[in-house]
>>> print(open('final_17.txt').read())   # compact mmCIF, C-alpha atoms
# COMPACT_ATOMS: atom_id res chain seq x y z
CA ALA A 30 15.60 3.81 -7.35
CA LEU A 31 15.85 1.60 -10.38
CA VAL A 32 18.95 1.74 -12.56
CA LEU A 33 18.27 0.67 -16.16
CA SER A 34 21.68 -0.73 -16.84
CA ALA A 35 22.83 -2.58 -19.93
CA CYS A 36 24.98 -4.89 -17.85
CA LEU A 37 21.95 -5.80 -15.72
CA THR A 38 19.98 -7.18 -18.65
CA VAL A 39 22.31 -10.05 -19.40
CA PRO A 40 21.64 -13.47 -17.85
CA VAL A 41 22.60 -13.73 -14.20
CA ALA A 42 25.11 -16.51 -14.82
CA GLN A 43 26.99 -14.17 -17.17
CA ARG A 44 26.73 -11.21 -14.83
CA LEU A 45 28.83 -12.48 -11.96
CA ALA A 46 31.92 -10.83 -13.45
CA PRO A 47 32.46 -7.09 -12.98
CA CYS A 48 30.54 -4.88 -15.41
CA SER A 49 29.92 -1.20 -16.03
CA ASP A 50 28.13 1.03 -18.51
CA SER A 51 27.74 4.63 -19.63
CA LEU A 52 25.14 5.33 -16.94
CA GLY A 53 27.81 5.03 -14.29
CA PHE A 54 26.55 1.80 -12.76
CA SER A 55 29.25 -0.64 -11.84
CA SER A 56 29.59 -3.77 -9.79
CA SER A 57 32.56 -5.86 -8.82
CA GLY A 58 30.64 -9.09 -8.47
CA VAL A 59 28.09 -10.24 -5.91
CA ILE A 60 28.05 -8.60 -2.51
CA ALA A 61 26.82 -11.02 0.15
CA GLY A 62 23.43 -10.10 1.52
CA THR A 63 22.77 -7.46 -1.16
CA PRO A 64 19.91 -8.43 -3.54
CA LEU A 65 20.66 -8.01 -7.23
CA ARG A 66 18.25 -6.19 -9.52
CA GLN A 67 17.79 -6.39 -13.24
CA VAL A 68 15.12 -5.65 -15.84
CA GLU A 69 13.60 -7.89 -18.48
CA LYS A 70 15.00 -7.44 -21.96
CA ASP A 71 11.52 -6.66 -23.34
CA LEU A 72 10.56 -4.18 -20.61
CA LYS A 73 7.76 -1.92 -21.92
CA ILE A 74 6.55 1.52 -20.96
CA PRO A 75 3.14 1.22 -19.24
CA GLU A 76 0.12 1.95 -21.45
CA SER A 77 -3.16 3.60 -20.50
CA TYR A 78 -6.44 3.50 -22.43
CA GLN A 79 -9.23 5.85 -21.44
CA PHE A 80 -12.86 6.30 -22.46
CA ASN A 81 -15.02 9.17 -21.27
CA VAL A 82 -18.61 10.16 -21.98
CA GLY A 83 -20.33 13.16 -20.47
CA PHE A 84 -23.64 14.98 -20.36
CA GLU A 85 -24.34 18.55 -19.30
CA ARG A 86 -27.62 20.47 -19.17
CA GLU A 87 -28.88 23.70 -17.63
CA ILE A 88 -31.82 22.72 -15.44
CA TRP A 89 -32.96 26.28 -14.86
CA LYS A 90 -31.31 29.63 -15.17
CA GLY A 91 -27.87 29.58 -13.60
CA TRP A 92 -28.16 25.96 -12.38
CA VAL A 93 -26.34 23.19 -14.26
CA PHE A 94 -26.39 19.39 -13.96
CA GLU A 95 -23.43 17.39 -15.34
CA ALA A 96 -22.66 13.67 -15.48
CA ASN A 97 -19.38 12.07 -16.59
CA TYR A 98 -18.39 8.42 -16.85
CA THR A 99 -14.70 7.45 -17.14
CA TRP A 100 -13.17 4.05 -17.90
CA ASN A 101 -9.40 3.77 -17.68
CA LYS A 102 -7.38 0.63 -18.24
CA THR A 103 -3.62 0.61 -17.55
CA ALA A 104 -1.48 -2.28 -18.75
CA ARG A 105 2.17 -3.27 -18.61
CA LEU A 106 2.77 -1.71 -15.23
CA TRP A 107 6.15 -2.61 -13.80
CA ARG A 108 6.15 -5.41 -11.28
CA ASP A 109 8.90 -7.26 -9.43
CA THR A 110 9.66 -10.98 -9.38
CA ASN A 111 12.42 -13.00 -7.78
CA ILE A 112 14.01 -15.17 -10.47
CA ASN A 113 16.24 -16.84 -7.87
CA VAL A 114 13.43 -18.21 -5.72
CA PRO A 115 14.00 -21.90 -4.82
CA VAL A 116 12.28 -24.37 -7.17
CA LEU A 117 10.12 -26.98 -5.43
CA PRO A 118 11.07 -30.51 -6.55
CA SER A 119 8.35 -32.58 -8.17
CA GLY A 120 6.33 -34.81 -5.87
CA PHE A 121 5.96 -32.23 -3.08
CA ALA A 122 2.98 -29.96 -2.47
CA SER A 123 5.04 -27.35 -0.64
CA PHE A 124 8.45 -26.74 0.87
CA THR A 125 6.91 -27.73 4.20
CA ASP A 126 6.50 -31.27 2.88
CA TYR A 127 9.99 -31.19 1.41
CA LEU A 128 11.65 -30.06 4.64
CA LEU A 129 9.84 -32.68 6.73
CA THR A 130 11.61 -35.41 4.73
CA HIS A 131 14.94 -33.68 4.08
CA PRO A 132 17.08 -32.90 7.15
CA TYR A 133 19.65 -30.17 6.61
CA THR A 134 23.31 -30.80 7.42
CA ILE A 135 26.13 -28.28 7.54
CA THR A 136 29.79 -28.59 8.46
CA ASN A 137 31.44 -26.04 10.69
CA SER A 138 35.03 -24.89 10.34
CA ASN A 139 36.41 -27.59 12.64
CA GLY A 140 34.80 -30.34 10.53
CA THR A 141 31.89 -31.14 12.83
CA LEU A 142 28.59 -32.09 11.15
CA ARG A 143 25.49 -30.35 12.44
CA THR A 144 22.05 -31.62 11.42
CA TYR A 145 18.67 -29.88 11.53
CA SER A 146 15.54 -32.01 11.21
CA PHE A 147 12.10 -30.47 10.73
CA VAL A 148 8.75 -31.22 12.40
CA LEU A 149 5.28 -29.69 12.65
CA GLY A 150 5.03 -29.05 16.35
CA ALA A 151 2.94 -26.82 18.60
CA THR A 152 1.75 -23.54 17.06
CA ASN A 153 2.52 -21.58 20.22
CA ASP A 154 6.22 -22.43 20.09
CA THR A 155 8.12 -19.17 20.37
CA SER A 156 11.58 -20.73 20.31
CA GLY A 157 11.30 -22.77 17.13
CA VAL A 158 14.50 -24.74 17.62
CA GLY A 159 14.23 -27.71 19.96
CA THR A 160 16.15 -27.83 23.19
CA CYS A 161 19.55 -28.48 21.73
CA SER A 162 22.94 -27.05 22.31
CA PHE A 163 25.88 -27.53 20.04
CA THR A 164 27.82 -27.78 23.25
CA THR A 165 26.44 -31.27 23.89
CA THR A 166 24.84 -32.43 20.62
CA ASN A 167 25.13 -31.90 16.89
CA THR A 168 21.40 -32.37 16.16
CA CYS A 169 18.59 -29.85 16.45
CA VAL A 170 14.85 -30.12 15.76
CA VAL A 171 13.21 -27.15 13.99
CA ASN A 172 9.46 -26.57 14.42
CA LEU A 173 7.91 -25.35 11.14
CA ASN A 174 4.81 -24.19 13.06
CA SER A 175 6.88 -21.94 15.29
CA THR A 176 5.97 -18.27 15.66
CA ASN A 177 9.62 -17.36 16.24
CA SER A 178 10.55 -14.30 14.16
CA GLY A 179 14.31 -14.35 14.68
CA THR A 180 16.64 -13.67 11.75
CA THR A 181 19.78 -15.50 12.88
CA ALA A 182 21.03 -17.89 10.20
CA PRO A 183 22.76 -21.18 11.05
CA ALA A 184 26.42 -20.38 11.62
CA ALA A 185 28.30 -23.15 9.88
CA ALA A 186 31.63 -21.39 10.30
CA SER A 187 31.35 -21.14 14.08
CA THR A 188 34.05 -23.11 15.88
CA GLY A 189 32.77 -22.35 19.35
CA ASN A 190 29.97 -24.00 21.30
CA ASN A 191 27.65 -21.01 21.33
CA ASN A 192 23.94 -21.86 21.52
CA ASN A 193 23.16 -18.89 19.25
CA ALA A 194 24.90 -20.71 16.42
CA THR A 195 21.80 -22.89 16.08
CA GLY A 196 19.94 -20.06 14.31
CA ASN A 197 16.20 -19.36 14.01
CA PRO A 198 13.52 -21.38 12.19
CA ILE A 199 12.88 -19.26 9.06
CA PRO A 200 16.59 -18.62 8.27
CA ILE A 201 17.39 -22.29 8.91
CA ALA A 202 14.59 -23.36 6.52
CA LYS A 203 15.81 -20.90 3.87
CA ALA A 204 19.35 -22.25 4.17
CA ALA A 205 18.03 -25.81 3.88
CA ILE A 206 16.47 -25.13 0.46
CA GLY A 207 19.24 -22.83 -0.76
CA ALA A 208 20.62 -25.50 -3.11
CA LEU A 209 17.26 -25.50 -4.94
CA ARG A 210 17.74 -21.95 -6.19
CA PRO A 211 18.37 -21.49 -9.95
CA PHE A 212 21.56 -19.61 -8.99
CA PRO A 213 22.61 -21.11 -5.65
CA GLN A 214 25.99 -19.38 -5.82
CA ILE A 215 24.21 -16.08 -5.20
CA GLY A 216 22.21 -17.40 -2.25
CA ASP A 217 19.76 -14.50 -2.21
CA GLU A 218 17.03 -12.73 -4.13
CA VAL A 219 17.57 -11.67 -7.74
CA SER A 220 14.93 -9.03 -8.39
CA GLN A 221 13.68 -8.67 -11.95
CA ILE A 222 11.38 -5.87 -13.12
CA GLY A 223 8.92 -6.82 -15.85
CA SER A 224 5.90 -5.35 -17.65
CA ARG A 225 3.13 -7.53 -16.24
CA GLY A 226 0.98 -5.32 -13.97
CA ASN A 227 -2.56 -4.08 -14.58
CA ALA A 228 -4.97 -1.53 -13.14
CA LEU A 229 -8.57 -0.55 -13.89
CA TYR A 230 -10.59 2.50 -12.89
CA GLN A 231 -14.30 3.11 -13.45
CA GLY A 232 -15.99 6.22 -12.16
CA LEU A 233 -19.29 8.08 -12.50
CA VAL A 234 -19.30 11.74 -11.40
CA LEU A 235 -22.62 13.53 -10.89
CA GLU A 236 -22.34 17.28 -10.39
CA PHE A 237 -24.87 19.99 -9.61
CA ARG A 238 -23.63 23.59 -9.58
CA SER A 239 -24.73 27.18 -9.83
CA ARG A 240 -22.96 30.18 -11.28
CA PHE A 241 -22.16 33.05 -8.96
CA ARG A 242 -25.18 35.27 -8.52
CA LYS A 243 -26.24 38.20 -6.39
CA LEU A 244 -28.77 37.31 -3.72
CA GLY A 245 -29.71 40.82 -2.70
CA HIS A 246 -28.82 43.04 0.24
CA GLY A 247 -25.14 42.71 -0.68
CA PHE A 248 -25.01 38.91 -0.48
CA GLY A 249 -23.82 36.64 -3.31
CA ALA A 250 -23.07 32.94 -3.66
CA SER A 251 -22.21 30.01 -5.90
CA PHE A 252 -22.55 26.31 -5.09
CA ARG A 253 -21.13 22.99 -6.29
CA VAL A 254 -22.09 19.51 -5.13
CA ALA A 255 -20.33 16.49 -6.66
CA TYR A 256 -20.92 12.80 -6.02
CA THR A 257 -18.51 10.15 -7.32
CA LEU A 258 -19.29 6.45 -7.61
CA SER A 259 -16.06 4.66 -8.53
CA LYS A 260 -13.99 1.51 -8.32
CA THR A 261 -10.21 1.16 -8.63
CA MET A 262 -8.57 -2.25 -8.97
CA ASP A 263 -4.91 -3.23 -9.38
CA ASP A 264 -2.47 -6.06 -8.72
CA GLY A 265 0.31 -4.22 -6.90
CA LEU A 266 1.08 -1.24 -4.73
CA ASN A 267 3.81 0.30 -6.88
CA ASN A 268 6.31 -0.31 -9.67
CA THR A 269 8.42 -2.67 -7.57
CA ALA A 270 5.60 -4.61 -5.90
CA ASN A 271 6.05 -8.34 -5.34
CA ALA A 272 3.27 -10.91 -5.32
CA GLU A 273 2.72 -13.10 -2.27
CA ILE A 274 3.29 -16.16 -4.48
CA ASP A 275 6.25 -15.06 -6.54
CA GLY A 276 5.17 -13.94 -10.02
CA ASP A 277 1.44 -14.71 -9.53
CA PHE A 278 -0.06 -11.22 -9.87
CA SER A 279 -3.46 -12.51 -10.94
CA ARG A 280 -3.93 -13.62 -7.34
CA GLU A 281 -3.11 -10.07 -6.17
CA TRP A 282 -5.99 -8.45 -8.11
CA ALA A 283 -7.98 -6.44 -5.55
CA ARG A 284 -9.24 -3.00 -4.63
CA ASN A 285 -6.57 -0.33 -4.71
CA LEU A 286 -5.57 1.20 -1.37
CA GLN A 287 -6.94 4.55 -2.57
CA ASP A 288 -10.28 3.07 -3.67
CA ARG A 289 -13.30 4.67 -2.02
CA ARG A 290 -16.58 3.55 -3.55
CA HIS A 291 -18.45 6.72 -2.64
CA ARG A 292 -17.18 10.29 -2.49
CA LEU A 293 -19.13 13.47 -1.84
CA ALA A 294 -17.83 17.03 -2.07
CA PHE A 295 -19.53 20.34 -1.37
CA SER A 296 -17.89 23.65 -2.17
CA GLY A 297 -19.05 27.17 -2.69
CA THR A 298 -18.37 30.86 -2.46
CA PHE A 299 -20.30 33.22 -0.19
CA GLU A 300 -19.91 37.00 -0.28
CA THR A 301 -21.14 39.24 2.51
CA PRO A 302 -22.19 42.93 2.31
CA TRP A 303 -20.12 45.83 3.59
CA TRP A 304 -21.73 45.75 7.03
CA LEU A 305 -20.29 42.21 7.47
CA GLY A 306 -16.87 43.21 6.23
CA LYS A 307 -17.35 42.33 2.54
CA LEU A 308 -15.67 39.02 3.29
CA ARG A 309 -15.69 36.08 0.89
CA TYR A 310 -15.99 32.60 2.41
CA SER A 311 -15.03 29.50 0.38
CA PRO A 312 -15.78 26.24 2.25
CA LEU A 313 -14.82 22.79 0.99
CA VAL A 314 -16.38 19.76 2.68
CA ARG A 315 -15.33 16.28 1.48
CA TRP A 316 -16.41 12.81 2.55
CA GLY A 317 -15.38 9.39 1.29
CA SER A 318 -16.49 5.90 2.23
CA SER A 319 -14.02 3.37 3.64
CA ALA A 320 -10.83 2.41 1.83
CA PRO A 321 -9.21 -1.04 2.09
CA PHE A 322 -6.00 -1.97 3.85
CA ASN A 323 -3.68 -4.94 3.60
CA LEU A 324 -2.88 -7.46 6.34
CA GLY A 325 0.48 -9.13 6.62
CA ASN A 326 2.33 -11.55 8.88
CA GLY A 327 4.45 -8.89 10.55
CA SER A 328 7.86 -10.07 11.65
CA ASN A 329 6.92 -13.59 10.49
CA ALA A 330 6.55 -12.27 6.95
CA ASP A 331 8.66 -14.66 4.85
CA ARG A 332 7.12 -17.96 5.89
CA ASN A 333 6.80 -19.09 2.26
CA LEU A 334 10.60 -18.68 1.90
CA ASN A 335 10.56 -16.60 -1.31
CA ASP A 336 12.76 -13.76 0.05
CA ASN A 337 9.89 -11.22 0.18
CA SER A 338 7.89 -9.94 3.13
CA THR A 339 4.52 -10.06 1.32
CA ASP A 340 3.05 -13.07 3.14
CA ARG A 341 -0.50 -12.83 4.44
CA PRO A 342 -1.98 -14.95 7.26
CA ASN A 343 -4.70 -17.59 7.15
CA PHE A 344 -8.22 -16.49 8.08
CA SER A 345 -11.17 -18.77 8.89
CA GLY A 346 -13.90 -16.16 9.42
CA ASN A 347 -16.02 -13.67 7.46
CA LEU A 348 -13.99 -11.07 5.56
CA ASN A 349 -16.62 -8.44 6.36
CA ASP A 350 -15.57 -8.67 10.02
CA ILE A 351 -12.05 -7.34 9.30
CA VAL A 352 -12.82 -3.72 10.11
CA TRP A 353 -10.62 -0.99 11.56
CA ARG A 354 -10.87 -0.01 15.20
CA GLU A 355 -10.11 3.22 16.99
CA PRO A 356 -7.12 3.51 19.34
CA GLY A 357 -8.04 2.52 22.88
CA THR A 358 -10.93 0.22 21.96
CA PRO A 359 -10.97 -3.37 23.29
CA ILE A 360 -8.79 -5.98 21.58
CA PRO A 361 -11.00 -8.09 19.25
CA THR A 362 -10.00 -11.45 20.76
CA ALA A 363 -12.75 -13.41 18.96
CA LEU A 364 -11.58 -12.05 15.60
CA LEU A 365 -7.91 -12.63 16.41
CA ALA A 366 -8.68 -16.29 17.12
CA GLN A 367 -9.71 -16.67 13.47
CA PHE A 368 -6.23 -15.70 12.21
CA SER A 369 -3.27 -18.04 12.12
CA LEU A 370 0.21 -18.30 10.62
CA GLN A 371 0.76 -20.90 7.92
CA PRO A 372 3.59 -23.41 8.47
CA ILE A 373 7.04 -22.31 7.35
CA GLY A 374 7.44 -23.44 3.74
CA SER A 375 3.75 -23.18 2.80
CA LYS A 376 3.01 -21.37 -0.43
CA SER A 377 0.83 -18.66 1.12
CA GLY A 378 -1.92 -17.76 3.50
CA ASN A 379 -5.52 -17.76 2.26
CA LEU A 380 -6.31 -14.12 3.07
CA PRO A 381 -6.83 -12.00 -0.08
CA ARG A 382 -4.86 -8.82 -0.69
CA ASN A 383 -6.33 -5.60 0.76
CA ALA A 384 -9.03 -7.56 2.60
CA GLY A 385 -9.47 -5.11 5.51
CA ARG A 386 -12.01 -2.28 5.57
CA GLY A 387 -10.66 1.01 6.92
CA PRO A 388 -12.25 4.22 8.19
CA SER A 389 -14.17 6.72 6.11
CA PHE A 390 -12.59 10.03 5.16
CA TYR A 391 -13.85 13.54 5.80
CA THR A 392 -12.35 17.02 5.87
CA PHE A 393 -13.64 20.56 6.24
CA ASP A 394 -11.47 23.34 4.82
CA LEU A 395 -12.29 27.03 4.73
CA SER A 396 -10.80 30.01 2.95
CA VAL A 397 -11.60 33.59 3.96
CA THR A 398 -10.56 36.58 1.89
CA ARG A 399 -11.40 40.23 1.23
CA GLU A 400 -10.63 42.35 -1.80
CA PHE A 401 -9.31 45.90 -1.58
CA LYS A 402 -9.27 48.06 -4.72
CA PHE A 403 -6.77 50.87 -5.32
CA GLY A 404 -7.83 52.71 -8.42
CA GLU A 405 -8.80 50.85 -11.56
CA ARG A 406 -5.72 48.67 -11.94
CA LEU A 407 -4.59 47.48 -8.52
CA ASN A 408 -6.36 44.88 -6.38
CA PHE A 409 -5.06 43.70 -3.04
CA ARG A 410 -6.46 40.43 -1.58
CA PRO A 411 -5.29 38.99 1.79
CA VAL A 412 -6.27 35.31 2.34
CA VAL A 413 -6.59 33.10 5.41
CA GLN A 414 -6.75 29.37 4.65
CA PHE A 415 -7.92 26.88 7.29
CA ASP A 416 -7.17 23.21 6.56
CA ASN A 417 -9.12 20.75 8.71
CA ILE A 418 -10.58 23.68 10.59
CA LEU A 419 -12.25 21.41 13.18
CA ASN A 420 -8.94 19.58 13.77
CA ALA A 421 -10.78 16.28 13.41
CA ALA A 422 -8.76 13.06 13.82
CA VAL A 423 -9.23 11.49 10.40
CA PHE A 424 -7.56 8.08 10.59
CA SER A 425 -5.71 6.42 7.75
CA TYR A 426 -3.53 3.37 7.12
CA GLY A 427 -1.66 4.93 4.22
CA SER A 428 0.23 2.24 2.30
CA ALA A 429 1.37 0.35 5.39
CA PHE A 430 0.64 -3.30 6.18
CA ILE A 431 -1.51 -3.97 9.23
CA ASP A 432 0.28 -6.93 10.72
CA PHE A 433 -1.15 -9.94 12.47
CA GLY A 434 1.19 -11.11 15.19
CA THR A 435 1.16 -13.47 18.13
CA SER A 436 2.82 -11.18 20.67
CA ALA A 437 0.78 -9.15 23.14
CA ALA A 438 2.07 -5.88 21.67
CA ALA A 439 1.12 -6.88 18.12
CA GLN A 440 -2.37 -7.96 19.14
CA SER A 441 -3.04 -4.81 21.16
CA ALA A 442 -2.30 -2.73 18.02
CA PHE A 443 -4.16 -5.02 15.62
CA LEU A 444 -6.48 -3.18 13.17
CA VAL A 445 -5.57 0.21 14.68
CA PRO A 446 -4.67 2.85 12.03
CA THR A 447 -1.06 3.92 11.94
CA ARG A 448 -1.50 7.57 10.98
CA THR A 449 -3.94 10.43 10.49
CA TYR A 450 -4.49 12.95 7.77
CA ARG A 451 -3.21 16.48 8.19
CA GLN A 452 -3.91 18.27 11.45
CA ARG A 453 -5.42 21.74 11.51
CA GLN A 454 -3.27 24.23 9.63
CA ILE A 455 -3.66 27.97 9.12
CA ARG A 456 -1.99 29.67 6.17
CA LEU A 457 -1.80 33.40 5.52
CA GLY A 458 -1.33 34.77 2.02
CA ILE A 459 -1.53 37.93 -0.04
CA ARG A 460 -2.56 38.23 -3.68
CA ILE A 461 -1.96 41.38 -5.70
CA ASP A 462 -3.55 41.88 -9.14
CA PHE A 463 -2.35 44.75 -11.32
>>> encode(input="final_17.txt", output="structure tokens")
Amino acid sequence: ALVLSACLTVPVAQRLAPCSDSLGFSSSGVIAGTPLRQVEKDLKIPESYQFNVGFEREIWKGWVFEANYTWNKTARLWRDTNINVPVLPSGFASFTDYLLTHPYTITNSNGTLRTYSFVLGATNDTSGVGTCSFTTTNTCVVNLNSTNSGTTAPAAASTGNNNNATGNPIPIAKAAIGALRPFPQIGDEVSQIGSRGNALYQGLVLEFRSRFRKLGHGFGASFRVAYTLSKTMDDGLNNTANAEIDGDFSREWARNLQDRRHRLAFSGTFETPWWLGKLRYSPLVRWGSSAPFNLGNGSNADRNLNDNSTDRPNFSGNLNDIVWREPGTPIPTALLAQFSLQPIGSKSGNLPRNAGRGPSFYTFDLSVTREFKFGERLNFRPVVQFDNILNAAVFSYGSAFIDFGTSAAAQSAFLVPTRTYRQRQIRLGIRIDF
């Protein structure tokens, strides 16, 4: 939920004191570990511009062909940026380079100095922090190539000699660059919603249909076949989407998760004579080509240290090879070898947004009904509706990330869909017209 609060629109430095407004929002200062959220002063309502041209013609009696082209551009969609992301000093290509030359020192509550130095070590390092113990030494070495996904921050206030006080690589690196934030006193993300998102839809719908007509011997039918050729592009999943590189939404421009280049639908109505029960069948068969899905870094998500879990991995292969796989199929070890995690502090991975190709979509629904007449004014119509009548397993990723990970569990689930569309359902209904 987003609260449009007057007190949230003032500069952060002026907002550290308690504030409240008529909407009921109030804060008593900064709560540690709780990201702040505000909106830009010039926040705009999103705008949509649409153009449509269509053509319809009766080919022969009762049969109609129709074509429609739609172009829709949406601008000023709400997007999220972190205005408290650390600022890289000049002279460094990335925070990786900065950390390699800037050890991080903290002082615990008993006055002892503890120093973390940073290196680019082995990429299969699952510990991340070199063999050190604050029991015997006050220096630790942090591997920026580590695959460690722990979230323990360095515990400067610890007076004991607990090894856990050393922390994990990503939180240590974030603490080391904390002084480079525009508002270091906050020490966390400051989320700001702005009107900077865009989306574009283009679609051509070709339709061929017939009006309901009697076929003889008590049979009757109508048909509709529709083919859609379309493309949907955008630069974010929703109103509060963050870019992988904070604020760079041009780099996020890609196919929408709902984009299916080809769609085909067949529907109709079929009436049977009295000796077949005078039943009316209404099938609906739909098919869509593959939709994209996004790949992330999983539990190693914030390797670029911008407070958001939108990081994507590096990929050295052909993007066309990133295709979904069914549950139970062999692990694609050759493909997995082409993925890697960027060093902690790097700006981003090189994999584009929504680069994966998911499964196609198909459903078969059926409605069966019969009309009973009582006099001239009362009609009684029971209905049985079958959704996914064949109970087919139609896989989908939804809006979830498909995460690349280095653990055995993560790799066994790699590229496997996380959900399916609706299972078979049967609904009973009654319609009365009078």
>>> closest_residue(input="final_17.txt", among="A:Arg105, A:Arg86, A:Arg315, A:Arg292", to="Ile74 in chain A", atoms="all atoms listed in the file")
A:Arg105
>>> residues_around(input="final_17.txt", residues="range 323-330 of chain A", least_positions_apart="2", cutoff="7 Å", atoms="only C-alpha atoms", output="MDAnalysis selection string")
chainID A and resid 178 321 332 338:342 382:385 430:434
>>> closest_atom_pairs(input="final_17.txt", of="range 77-135 of chain A", to="range 215-230 of chain A", cutoff="12 Å", atoms="all atoms listed in the file", output="CSV")
residue,atom,partner,partner_atom,distance
A:Ser77,CA,A:Ala228,CA,9.2
A:Tyr78,CA,A:Leu229,CA,9.7
A:Gln79,CA,A:Tyr230,CA,9.3
A:Phe80,CA,A:Tyr230,CA,10.5
A:Asn81,CA,A:Tyr230,CA,11.6
A:Tyr98,CA,A:Tyr230,CA,10.6
A:Thr99,CA,A:Tyr230,CA,7.7
A:Trp100,CA,A:Tyr230,CA,5.8
A:Asn101,CA,A:Tyr230,CA,5.1
A:Lys102,CA,A:Leu229,CA,4.7
A:Thr103,CA,A:Ala228,CA,5.1
A:Ala104,CA,A:Asn227,CA,4.7
A:Arg105,CA,A:Ser224,CA,4.4
A:Leu106,CA,A:Gly226,CA,4.2
A:Trp107,CA,A:Ser224,CA,4.7
A:Arg108,CA,A:Gly223,CA,5.5
A:Asp109,CA,A:Ile222,CA,4.7
A:Thr110,CA,A:Gln221,CA,5.3
A:Asn111,CA,A:Ser220,CA,4.7
A:Ile112,CA,A:Val219,CA,5.7
A:Asn113,CA,A:Val219,CA,5.3
A:Val114,CA,A:Glu218,CA,6.7
A:Pro115,CA,A:Glu218,CA,9.7
>>> residues_around(input="final_17.txt", residues="Asp126 in chain A", least_positions_apart="6", cutoff="12 Å", atoms="only C-alpha atoms", output="PDB file with C-alpha atoms, keeping the file's coordinate frame")
ATOM      1  CA  LEU A 117      10.120 -26.980  -5.430  1.00  0.00           C
ATOM      2  CA  PRO A 118      11.070 -30.510  -6.550  1.00  0.00           C
ATOM      3  CA  SER A 119       8.350 -32.580  -8.170  1.00  0.00           C
ATOM      4  CA  GLY A 120       6.330 -34.810  -5.870  1.00  0.00           C
ATOM      5  CA  PRO A 132      17.080 -32.900   7.150  1.00  0.00           C
ATOM      6  CA  PHE A 147      12.100 -30.470  10.730  1.00  0.00           C
ATOM      7  CA  VAL A 148       8.750 -31.220  12.400  1.00  0.00           C
ATOM      8  CA  LEU A 149       5.280 -29.690  12.650  1.00  0.00           C
ATOM      9  CA  LEU A 173       7.910 -25.350  11.140  1.00  0.00           C
ATOM     10  CA  ALA A 202      14.590 -23.360   6.520  1.00  0.00           C
ATOM     11  CA  ILE A 206      16.470 -25.130   0.460  1.00  0.00           C
ATOM     12  CA  PRO A 372       3.590 -23.410   8.470  1.00  0.00           C
ATOM     13  CA  ILE A 373       7.040 -22.310   7.350  1.00  0.00           C
ATOM     14  CA  GLY A 374       7.440 -23.440   3.740  1.00  0.00           C
ATOM     15  CA  SER A 375       3.750 -23.180   2.800  1.00  0.00           C
ATOM     16  CA  LYS A 376       3.010 -21.370  -0.430  1.00  0.00           C
TER      17      LYS A 376
END
>>> axis_aligned_box(input="final_17.txt", around="range 304-322 of chain A", padding_each_side="6 Å", output="AutoDock Vina command-line options")
--center_x -13.9 --center_y 21.9 --center_z 3.9 --size_x 27.7 --size_y 59.7 --size_z 19.1
>>> closest_atom_pairs(input="final_17.txt", of="range 308-368 of chain A", to="range 436-459 of chain A", cutoff="12 Å", atoms="only C-alpha atoms", output="Markdown table")
| residue | atom | partner | partner_atom | distance |
| --- | --- | --- | --- | --- |
| A:Ala320 | CA | A:Pro446 | CA | 11.9 |
| A:Pro321 | CA | A:Pro446 | CA | 11.6 |
| A:Phe322 | CA | A:Leu444 | CA | 9.4 |
| A:Asn323 | CA | A:Leu444 | CA | 10.1 |
| A:Leu324 | CA | A:Leu444 | CA | 8.8 |
| A:Gly325 | CA | A:Phe443 | CA | 10.9 |
| A:Asn326 | CA | A:Ala439 | CA | 10.4 |
| A:Gly327 | CA | A:Ala439 | CA | 8.5 |
| A:Ser328 | CA | A:Ala439 | CA | 9.9 |
| A:Asn329 | CA | A:Ser436 | CA | 11.2 |
| A:Asp350 | CA | A:Leu444 | CA | 11.1 |
| A:Ile351 | CA | A:Leu444 | CA | 8.0 |
| A:Val352 | CA | A:Leu444 | CA | 7.1 |
| A:Trp353 | CA | A:Leu444 | CA | 5.0 |
| A:Arg354 | CA | A:Val445 | CA | 5.3 |
| A:Glu355 | CA | A:Val445 | CA | 5.9 |
| A:Pro356 | CA | A:Val445 | CA | 5.9 |
| A:Gly357 | CA | A:Val445 | CA | 8.9 |
| A:Thr358 | CA | A:Val445 | CA | 9.0 |
| A:Pro359 | CA | A:Ser441 | CA | 8.3 |
| A:Ile360 | CA | A:Ser441 | CA | 5.9 |
| A:Pro361 | CA | A:Phe443 | CA | 8.3 |
| A:Thr362 | CA | A:Gln440 | CA | 8.5 |
| A:Ala363 | CA | A:Gln440 | CA | 11.7 |
| A:Leu364 | CA | A:Phe443 | CA | 10.2 |
| A:Leu365 | CA | A:Gln440 | CA | 7.7 |
| A:Ala366 | CA | A:Gln440 | CA | 10.6 |
| A:Phe368 | CA | A:Gln440 | CA | 11.1 |
>>> closest_residue(input="final_17.txt", among="A:Thr168, A:Gln287, A:Gln67, A:Ser239", to="Ala255 in chain A", atoms="only C-alpha atoms")
A:Ser239
>>> atom_distance(input="final_17.txt", atom1="CA of Leu334 in chain A", atom2="CA of Lys203 in chain A")
6.0 Å
>>> residues_around(input="final_17.txt", residues="Gly247 in chain A", least_positions_apart="2", cutoff="8 Å", atoms="all atoms listed in the file", output="count of residues only")
8
>>> closest_residue(input="final_17.txt", among="A:Phe212, A:Phe401, A:Trp89, A:Phe84", to="Arg309 in chain A", atoms="only C-alpha atoms")
A:Phe401
>>> residues_around(input="final_17.txt", residues="Ile201 in chain A", least_positions_apart="5", cutoff="7 Å", atoms="only C-alpha atoms", output="PyMOL selection string")
chain A and resi 182-183+196
>>> residues_near_point(input="final_17.txt", point="(-15.4, 39.8, 2.7)", cutoff="12 Å", atoms="all atoms listed in the file", output="PyMOL selection string")
chain A and resi 247-249+298-311+396-401+410-413
